[in-house]
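Okay, model_32.cif is below, mmCIF, C-alpha atoms:
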```cif
data_input
#
loop_
_atom_site.label_atom_id
_atom_site.label_comp_id
_atom_site.auth_asym_id
_atom_site.auth_seq_id
_atom_site.Cartn_x
_atom_site.Cartn_y
_atom_site.Cartn_z
CA MET A 1433 99.49 141.63 70.97
CA SER A 1434 102.05 139.96 68.73
CA SER A 1435 100.77 137.03 66.72
CA ALA A 1436 103.76 135.07 68.05
CA VAL A 1437 102.33 135.13 71.58
CA GLN A 1438 100.09 132.20 72.51
CA ARG A 1439 97.62 132.75 75.34
CA LEU A 1440 97.50 129.73 77.68
CA VAL A 1441 95.72 128.58 80.82
CA ILE A 1442 96.93 125.81 83.11
CA VAL A 1443 94.31 123.44 84.51
CA GLY A 1444 95.31 122.29 87.99
CA ALA A 1445 97.11 124.43 90.55
CA GLY A 1446 98.80 121.84 92.75
CA GLY A 1447 102.47 120.99 92.71
CA HIS A 1448 102.38 119.52 89.21
CA GLY A 1449 100.50 122.54 87.90
CA ARG A 1450 103.12 124.89 89.34
CA GLU A 1451 105.85 122.71 87.81
CA THR A 1452 104.02 123.13 84.52
CA LEU A 1453 104.44 126.88 84.91
CA ASP A 1454 108.19 126.26 85.32
CA VAL A 1455 108.22 124.49 81.95
CA VAL A 1456 106.29 127.31 80.28
CA GLU A 1457 108.71 129.88 81.69
CA ALA A 1458 111.67 127.81 80.49
CA ILE A 1459 110.18 127.64 76.98
CA ASN A 1460 109.71 131.41 77.00
CA ALA A 1461 113.27 131.97 78.23
CA ALA A 1462 114.74 129.69 75.55
CA GLY A 1463 112.96 131.60 72.80
CA ALA A 1464 112.98 128.60 70.48
CA GLY A 1465 109.24 128.00 70.29
CA PRO A 1466 106.00 129.89 70.85
CA ARG A 1467 106.04 132.55 73.51
CA TYR A 1468 103.29 131.96 76.04
CA GLU A 1469 101.21 134.44 77.97
CA VAL A 1470 99.85 132.49 80.93
CA LEU A 1471 96.49 133.98 81.87
CA GLY A 1472 96.29 131.97 85.08
CA PHE A 1473 95.23 128.68 86.62
CA PHE A 1474 91.89 126.90 86.75
CA ALA A 1475 91.34 124.60 89.72
CA ASN A 1476 88.47 123.91 92.07
CA GLU A 1477 90.91 124.31 94.95
CA ALA A 1478 94.30 126.02 95.15
CA ASP A 1479 96.82 127.48 97.57
CA ASP A 1480 96.48 131.11 96.57
CA GLU A 1481 99.58 132.13 98.53
CA LEU A 1482 101.77 129.69 96.59
CA LEU A 1483 100.31 130.91 93.31
CA ALA A 1484 100.87 134.53 94.30
CA ARG A 1485 104.52 133.75 95.02
CA ARG A 1486 104.74 132.63 91.36
CA GLY A 1487 103.02 135.79 90.17
CA ALA A 1488 99.96 133.77 89.18
CA THR A 1489 96.30 133.68 90.13
CA ARG A 1490 93.45 131.17 90.15
CA LEU A 1491 90.83 132.23 87.62
CA GLY A 1492 88.14 129.83 88.77
CA GLY A 1493 87.11 126.20 88.73
CA SER A 1494 85.81 123.79 86.12
CA HIS A 1495 82.71 125.83 85.25
CA GLU A 1496 84.74 129.00 84.71
CA LEU A 1497 87.25 127.08 82.56
CA LEU A 1498 84.54 125.84 80.24
CA ALA A 1499 82.96 129.30 80.05
CA LEU A 1500 86.29 130.85 79.05
CA LEU A 1501 87.07 128.24 76.40
CA LEU A 1502 83.57 128.60 74.90
CA ASP A 1503 83.72 132.41 74.87
CA PRO A 1504 84.39 133.66 71.30
CA ALA A 1505 86.57 136.42 72.77
CA HIS A 1506 88.94 133.67 74.01
CA ALA A 1507 88.86 131.46 70.93
CA ASP A 1508 92.65 131.70 70.66
CA VAL A 1509 93.29 130.52 74.23
CA ARG A 1510 94.79 127.07 74.61
CA TYR A 1511 95.01 124.95 77.76
CA HIS A 1512 97.28 122.39 79.37
CA LEU A 1513 96.22 119.83 81.98
CA GLY A 1514 98.82 120.37 84.71
CA ILE A 1515 97.44 117.56 86.87
CA GLY A 1516 99.42 114.60 88.13
CA SER A 1517 96.54 112.12 88.33
CA SER A 1518 96.01 110.06 85.17
CA ALA A 1519 92.38 109.41 86.07
CA THR A 1520 91.65 113.09 86.62
CA ARG A 1521 93.29 114.10 83.35
CA SER A 1522 91.22 111.46 81.56
CA ARG A 1523 87.97 112.72 83.12
CA ILE A 1524 88.66 116.38 82.31
CA ASP A 1525 89.77 115.49 78.79
CA ALA A 1526 86.45 113.69 78.23
CA ASP A 1527 84.49 116.69 79.56
CA LEU A 1528 86.35 119.11 77.28
CA ASP A 1529 85.91 116.77 74.34
CA ASP A 1530 82.16 116.71 74.99
CA ALA A 1531 82.23 120.51 74.96
CA GLY A 1532 84.05 120.54 71.63
CA VAL A 1533 87.25 122.24 72.82
CA ALA A 1534 89.61 119.28 73.32
CA ASP A 1535 91.48 120.23 70.13
CA ARG A 1536 92.90 123.26 71.96
CA ALA A 1537 95.14 121.20 74.26
CA GLU A 1538 98.72 122.48 74.20
CA THR A 1539 101.76 120.17 74.19
CA LEU A 1540 104.63 121.41 76.37
CA VAL A 1541 108.23 120.24 75.96
CA HIS A 1542 110.91 121.62 78.27
CA PRO A 1543 113.88 122.94 76.26
CA ARG A 1544 116.15 120.61 78.25
CA ALA A 1545 114.11 117.52 77.41
CA THR A 1546 115.68 115.31 74.74
CA THR A 1547 113.61 114.12 71.79
CA GLY A 1548 114.63 111.84 68.95
CA SER A 1549 113.25 111.20 65.48
CA ASP A 1550 109.89 109.94 64.21
CA LEU A 1551 107.94 110.80 67.34
CA ARG A 1552 104.18 111.19 67.53
CA LEU A 1553 103.23 113.38 70.47
CA GLY A 1554 99.52 113.60 71.18
CA PRO A 1555 97.79 116.83 72.18
CA GLY A 1556 98.56 117.91 75.73
CA VAL A 1557 101.74 115.82 76.14
CA PHE A 1558 104.10 117.11 78.86
CA LEU A 1559 107.86 116.54 78.87
CA ALA A 1560 109.59 117.88 81.97
CA VAL A 1561 113.23 118.87 82.32
CA GLY A 1562 115.53 115.90 81.71
CA ALA A 1563 112.83 113.76 80.09
CA VAL A 1564 114.15 111.62 77.21
CA VAL A 1565 112.18 110.14 74.31
CA THR A 1566 114.32 108.40 71.72
CA THR A 1567 113.03 107.20 68.32
CA ASN A 1568 109.86 105.78 66.74
CA VAL A 1569 107.76 106.45 69.86
CA ASP A 1570 104.04 107.21 70.19
CA LEU A 1571 102.91 109.23 73.22
CA GLY A 1572 99.14 109.47 73.64
CA ARG A 1573 97.19 112.61 74.42
CA HIS A 1574 97.79 114.22 77.80
CA THR A 1575 100.55 111.75 78.67
CA HIS A 1576 103.11 113.18 81.08
CA LEU A 1577 106.82 112.39 81.42
CA ASN A 1578 108.11 113.92 84.62
CA VAL A 1579 111.66 114.89 85.56
CA ASN A 1580 114.28 112.50 84.06
CA ALA A 1581 111.71 109.97 82.82
CA VAL A 1582 112.94 107.96 79.82
CA VAL A 1583 111.03 106.26 77.00
CA SER A 1584 113.23 104.30 74.61
CA HIS A 1585 112.72 103.20 71.03
CA ASP A 1586 109.58 101.74 69.47
CA CYS A 1587 107.31 102.24 72.47
CA VAL A 1588 103.58 102.93 72.31
CA ILE A 1589 102.33 104.86 75.32
CA GLY A 1590 98.57 105.36 75.59
CA ASP A 1591 96.49 108.39 76.52
CA HIS A 1592 96.70 109.96 80.00
CA VAL A 1593 99.68 107.88 81.13
CA THR A 1594 101.86 109.26 83.95
CA LEU A 1595 105.56 108.47 84.14
CA SER A 1596 106.85 109.78 87.48
CA PRO A 1597 110.37 111.15 87.98
CA GLY A 1598 113.14 108.73 87.05
CA VAL A 1599 110.97 106.11 85.33
CA LEU A 1600 112.87 104.04 82.74
CA VAL A 1601 110.84 102.45 79.96
CA ASN A 1602 113.03 100.29 77.72
CA GLY A 1603 112.41 99.60 74.04
CA ASN A 1604 109.35 97.95 72.44
CA VAL A 1605 107.11 98.52 75.45
CA THR A 1606 103.36 99.12 75.26
CA ILE A 1607 101.57 100.96 78.08
CA GLY A 1608 97.77 101.22 78.20
CA GLU A 1609 95.77 104.35 78.81
CA SER A 1610 95.71 105.99 82.25
CA ALA A 1611 98.46 103.76 83.61
CA PHE A 1612 100.61 105.28 86.37
CA LEU A 1613 104.27 104.45 86.92
CA GLY A 1614 105.79 105.53 90.24
CA SER A 1615 109.18 107.15 90.70
CA GLY A 1616 112.14 105.03 89.61
CA ALA A 1617 110.06 102.21 88.14
CA VAL A 1618 111.79 100.22 85.39
CA VAL A 1619 110.05 98.39 82.51
CA LEU A 1620 112.17 95.81 80.73
CA PRO A 1621 112.18 95.58 76.91
CA GLY A 1622 109.17 94.15 75.12
CA ARG A 1623 106.81 94.10 78.10
CA SER A 1624 103.31 95.53 78.22
CA ILE A 1625 101.35 97.27 80.97
CA GLY A 1626 97.56 97.30 80.86
CA ALA A 1627 95.22 100.25 81.08
CA GLN A 1628 94.60 101.84 84.50
CA THR A 1629 97.39 99.78 86.04
CA LYS A 1630 99.62 101.26 88.74
CA ILE A 1631 103.29 100.36 88.99
CA ALA A 1632 104.76 101.15 92.40
CA ALA A 1633 107.81 103.32 92.89
CA GLY A 1634 111.01 101.35 92.35
CA ALA A 1635 109.26 98.32 90.88
CA VAL A 1636 110.88 96.38 88.03
CA VAL A 1637 108.44 95.12 85.41
CA SER A 1638 110.05 91.92 84.13
CA THR A 1639 106.85 90.30 82.84
CA SER A 1640 103.84 91.93 81.22
CA VAL A 1641 101.24 93.30 83.63
CA PRO A 1642 97.47 93.11 83.00
CA ALA A 1643 95.02 95.97 83.15
CA GLY A 1644 93.59 97.39 86.34
CA VAL A 1645 96.05 96.03 88.89
CA THR A 1646 98.72 97.43 91.21
CA ALA A 1647 102.16 95.89 90.78
CA ILE A 1648 104.92 96.27 93.38
CA GLY A 1649 108.38 94.92 94.06
CA VAL A 1650 111.45 93.54 92.27
CA PRO A 1651 110.34 91.79 90.17
CA ALA A 1652 106.90 93.41 90.13
CA ARG A 1653 104.02 91.25 91.40
CA TRP A 1654 100.28 91.93 91.67
#
```

What is this structure when it is put down as structure tokens?
Amino acid sequence: MSSAVQRLVIVGAGGHGRETLDVVEAINAAGAGPRYEVLGFFANEADDELLARRGATRLGGSHELLALLLDPAHADVRYHLGIGSSATRSRIDADLDDAGVADRAETLVHPRATTGSDLRLGPGVFLAVGAVVTTNVDLGRHTHLNVNAVVSHDCVIGDHVTLSPGVLVNGNVTIGESAFLGSGAVVLPGRSIGAQTKIAAGAVVSTSVPAGVTAIGVPARW
């Protein structure tokens, strides 16, 4: 096998996991970064027919994932958490950290995502097609920007955050770990969103939102 080929497994085989495979295939097709060999998916449950239609298979569940990553014969294999739930990504990340393999998380950036300068992308970050990150931005580990999500300048986005399709985060925003922003949500400049908070689809965050709440509406209320 060529040293330029990186073996990879995708954790999670639902819709987001299969979209992750799209991103990997787009990276391979572009030829601008590492070339990935996807060994398969790890998930406790999966639609095997949908995976087969993608030419992929489920290799097992959480126990099998850990066994593979701890096997010296697979010491070069990296993983990506292709799971839409912030809370689930956080839990799995903690389990893999306890097992000493969390440093093998792979960051995936679609070739048609747009990235600016002075970015700090944590391990396991996911940028889907059309995602935009401008300048002087921190994205925490396993944070996901879905299709056409935008993070503008000088933002600090915590670990395990999910930005759903079409989210717009303006400049100088801080978002706490495991927050979830629904499709089309807008965060105005300089606001903050607390950890584990959920922002409903289409909501407009015009004032800072505390941790652990669900905010809905225009302007967002909780």

Around the point (115.1, 109.1, 79.5) (coordinates from the file), which residues reach within 8 Å if we count only C-alpha atoms? Answer as a ChimeraX atom specification. /A:1546,1562-1566,1580-1584,1598-1601

Could you tell me which residues the PyMOL selection byres ((chain A and resi 1540) around 9) returns for this structure, as a VMD selection string? chain A and resid 1452 1455 to 1456 1459 1512 1538 to 1539 1541 to 1542 1556 to 1560

Name the residues captured by the PyMOL selection byres ((chain A and resi 1444-1446) around 7) when it is applied to the shown file; answer as a PyMOL selection string. chain A and resi 1442-1443+1447-1450+1473-1475+1478+1513-1515

When the PyMOL selection byres ((chain A and resi 1508) around 12) is applied to the file above, which residues end up in the set, as JSON, numbers by chain? {"A": [1435, 1436, 1437, 1438, 1439, 1440, 1441, 1468, 1469, 1500, 1501, 1502, 1503, 1504, 1505, 1506, 1507, 1509, 1510, 1511, 1533, 1535, 1536, 1537, 1538]}

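What separates atom CA of Val1605 of chain A from atom CA of Leu1577 of chain A is a distance of 15.1 Å.
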
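If you look at atom CA of Ile1631 of chain A and atom CA of Pro1597 of chain A, they are 12.9 Å away from each other.
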
With distances taken over only C-alpha atoms, which of A:Asn1460, A:Thr1575, A:Ser1624, A:Thr1606 is nearest to Ser1522 of chain A? A:Thr1575

Residues within 10 Å of Phe1612 of chain A, all atoms listed in the file, excluding chain neighbours under 2 positions, as a ChimeraX atom specification: /A:1516-1519,1576,1592-1596,1607-1610,1614-1615,1625,1627-1633,1646

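If only C-alpha atoms are the atoms counted, then among A:Leu1482, A:Leu1571, A:Val1650, A:Cys1587 the closest residue to Gly1622 of chain A is A:Cys1587.
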
What does the structure give for the distance between atom CA of Ala1526 of chain A and atom CA of Ala1643 of chain A, in Å to one decimal? 20.3 Å

Pick from A:Thr1520, A:Thr1489, A:Thr1639, A:Thr1547: nearest to Asp1570 of chain A, with all atoms listed in the file counted? A:Thr1547

Neighbour list for Arg1653 of chain A as a PyMOL selection string, cut-off 9 Å, only C-alpha atoms, skip fewer than 3 positions in-chain: chain A and resi 1635+1637+1641+1646-1650
